[in-house]
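Chemist: Encoded as structure tokens, here's the structure I'll be asking about.
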Amino acid sequence: MTAPEEIVDVVDEDDRVVGRVTRAEMRRRNLLHRAVYIIVRNERGDFFVHLRTTTKDVYPGRWDVTVGGVVAAGESYEAAARRELAEETGIRDAPPHPLFDVRFTDPSTRLVGRVFLALHDGDVTLQTDEIAWGAFAPRTEVERIVREEPCCPDGVLVLRRYLASLVTTS
């Protein structure tokens, strides 16, 4: 669960830590920070998608095609990915594998991030403070959601880059 008093690293354009602030201050001032994204897929190739709660501090009530969040102060990307995956979905037995780095900026958030892939076929236990609904869906349904529903724009960017990498490596 996110808390406004959580401490996060502020970074520069080269991803070097230049300060620490509360999560609330980072959001209020839209400071550049670190984040992780985990694409969760099952054996059939379906993607885990979810609807964010309306109480989220950024993009409330939107669909998301990745699991993830803000990297805590002093935390590595890898540790943050494992933590976020476990917190939001209860998945602890699927180690996230790093895929690529990403940058994202809009009026709501500015971040440097790392994208991971986790493969999981077991149960998912949703963190109800952050996820209102979630399930695995085939790629065609995920693409429909991204096209027709209000989605987190950073997650959409991550998904598009991931899908493009599948085409170039096939």
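Naming scheme: A, B, ... for chains in displayed order of the structure tokens; residues 1 onward per chain; ligands 1 onward as shown.
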What lies within 12 Å of A:Glu78 using only C-alpha atoms, ignoring chain neighbours under 3 positions off, as a list in words?

Modeler: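 The neighbour list is Arg34, Ala35, Val36, Tyr37, Ile38, Gly68, Val71, Ala72, Gly74, Glu75, Ala81, Arg82, Arg83, Glu84, Leu85, Pro95, Pro96, His97, Pro98, Leu99, Gly113, Arg114, Val115, Phe116, Leu117 and Ala118 of chain A.
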
Chemist: Given only C-alpha atoms, how would the per-residue table for stretch 3-80 of chain A near stretch 137-160 of chain A read, listing every residue at most 6 Å away with its closest atom pair and distance in Å to one decimal, sorted by chain and number, as CSV?

Modeler:
```
residue,atom,partner,partner_atom,distance
A:Asp46,CA,A:Pro138,CA,4.4
A:Phe47,CA,A:Ala137,CA,5.3
A:Arg62,CA,A:Cys151,CA,4.9
A:Trp63,CA,A:Cys151,CA,4.4
A:Asp64,CA,A:Cys152,CA,5.5
A:Val65,CA,A:Gly155,CA,5.8
A:Thr66,CA,A:Gly155,CA,5.8
```

Chemist: Those same residues - N, CA and C atoms - I'd like them written as a compact mmCIF listing (two decimals), in the first residue's frame.

Modeler:
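Dumped everything to selection-v4.txt:
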```txt
# COMPACT_ATOMS: atom_id res chain seq x y z
N ASP A 46 -1.44 -15.24 -22.09
CA ASP A 46 -2.34 -14.17 -21.67
C ASP A 46 -1.60 -13.16 -20.81
N PHE A 47 -2.15 -11.97 -20.73
CA PHE A 47 -1.59 -10.88 -19.95
C PHE A 47 -2.49 -10.60 -18.74
N ARG A 62 -8.36 3.87 -13.70
CA ARG A 62 -7.99 3.50 -15.07
C ARG A 62 -7.57 2.04 -15.15
N TRP A 63 -7.63 1.51 -16.36
CA TRP A 63 -7.11 0.17 -16.64
C TRP A 63 -5.60 0.23 -16.67
N ASP A 64 -4.97 -0.87 -16.27
CA ASP A 64 -3.51 -0.96 -16.34
C ASP A 64 -3.13 -2.33 -16.87
N VAL A 65 -2.14 -2.35 -17.74
CA VAL A 65 -1.68 -3.59 -18.36
C VAL A 65 -0.36 -4.06 -17.76
N THR A 66 0.11 -3.36 -16.73
CA THR A 66 1.31 -3.75 -16.01
C THR A 66 1.04 -3.64 -14.51
```

Chemist: In Å, with one decimal, what is the gap from atom CA of A:Glu88 to atom CA of A:Gly19?

Modeler: 27.0 Å

Chemist: Tell me which protein, DNA and RNA residues are within 6 Å of A:Ala73, counting only C-alpha atoms, leaving out same-chain ones fewer than 3 positions away, and put them as a list in words.

Modeler: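 Listing them by chain and then by number gives Ile7, Val8 and Asp9 of chain A.
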
Chemist: Using only C-alpha atoms, which of the listed residues (A:Asp57, A:Asp121, A:Val18, A:His50) sits closest to A:Pro4?

Modeler: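 Answer, going by the shortest atom-to-atom distance: A:Asp57.
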
Chemist: Could you pull out the alpha helix (DSSP H) residues of stretch 46-149 of chain A from DSSP and send them as a PyMOL selection string?

Modeler: chain A and resi 77-89+139-148

Chemist: In Å to one decimal, how far is atom CA of A:Ala86 from atom CA of A:Arg41?

Modeler: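 Separation of atom CA of A:Arg41 and atom CA of A:Ala86: 14.8 Å.
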
Chemist: Using only C-alpha atoms, determine which residues lie at most 12 Å from A:Asp129, disregarding the query and same-chain residues fewer than 6 positions distant; provide the list as a list in words.

Modeler: Met1, Thr2, Ala3, Leu51, Arg52, Thr53, Thr54, Thr55, Lys56, Asp57, Pro60, Gly61, Glu87, Glu88 and Thr89 of chain A

Chemist: Report as a ChimeraX atom specification all protein, DNA and RNA residues lying within 12 Å of A:Asp14, evaluated on only C-alpha atoms, omitting residues in the same chain fewer than 5 positions from it.

Modeler: /A:32-34,101,103,111-113

Chemist: Rounded to one decimal, what separation in Å do you get between atom CA of A:Thr128 and atom CA of A:Met26?

Modeler: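 About the pair atom CA of A:Thr128 and atom CA of A:Met26: they are 23.8 Å apart.
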
Chemist: Looking only at the backbone, which of the residues in stretch 12-67 of chain A does DSSP tag as strand (DSSP E), as a list of chain:residue names?

Modeler: A:Val17, A:Val18, A:Gly19, A:Arg20, A:Val21, A:Thr22, A:Leu32, A:His33, A:Arg34, A:Ala35, A:Val36, A:Tyr37, A:Ile38, A:Ile39, A:Val40, A:Arg41, A:Phe47, A:Phe48, A:Val49, A:His50, A:Leu51, A:Arg52, A:Trp63, A:Asp64, A:Val67

Chemist: Identify which of the residues A:Gly45, A:Gly122, A:Gly134, A:Pro107 lies closest to A:Tyr59, counting only C-alpha atoms when measuring atom-to-atom distances.

Modeler: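 Among the listed residues, A:Pro107 lies closest to A:Tyr59.
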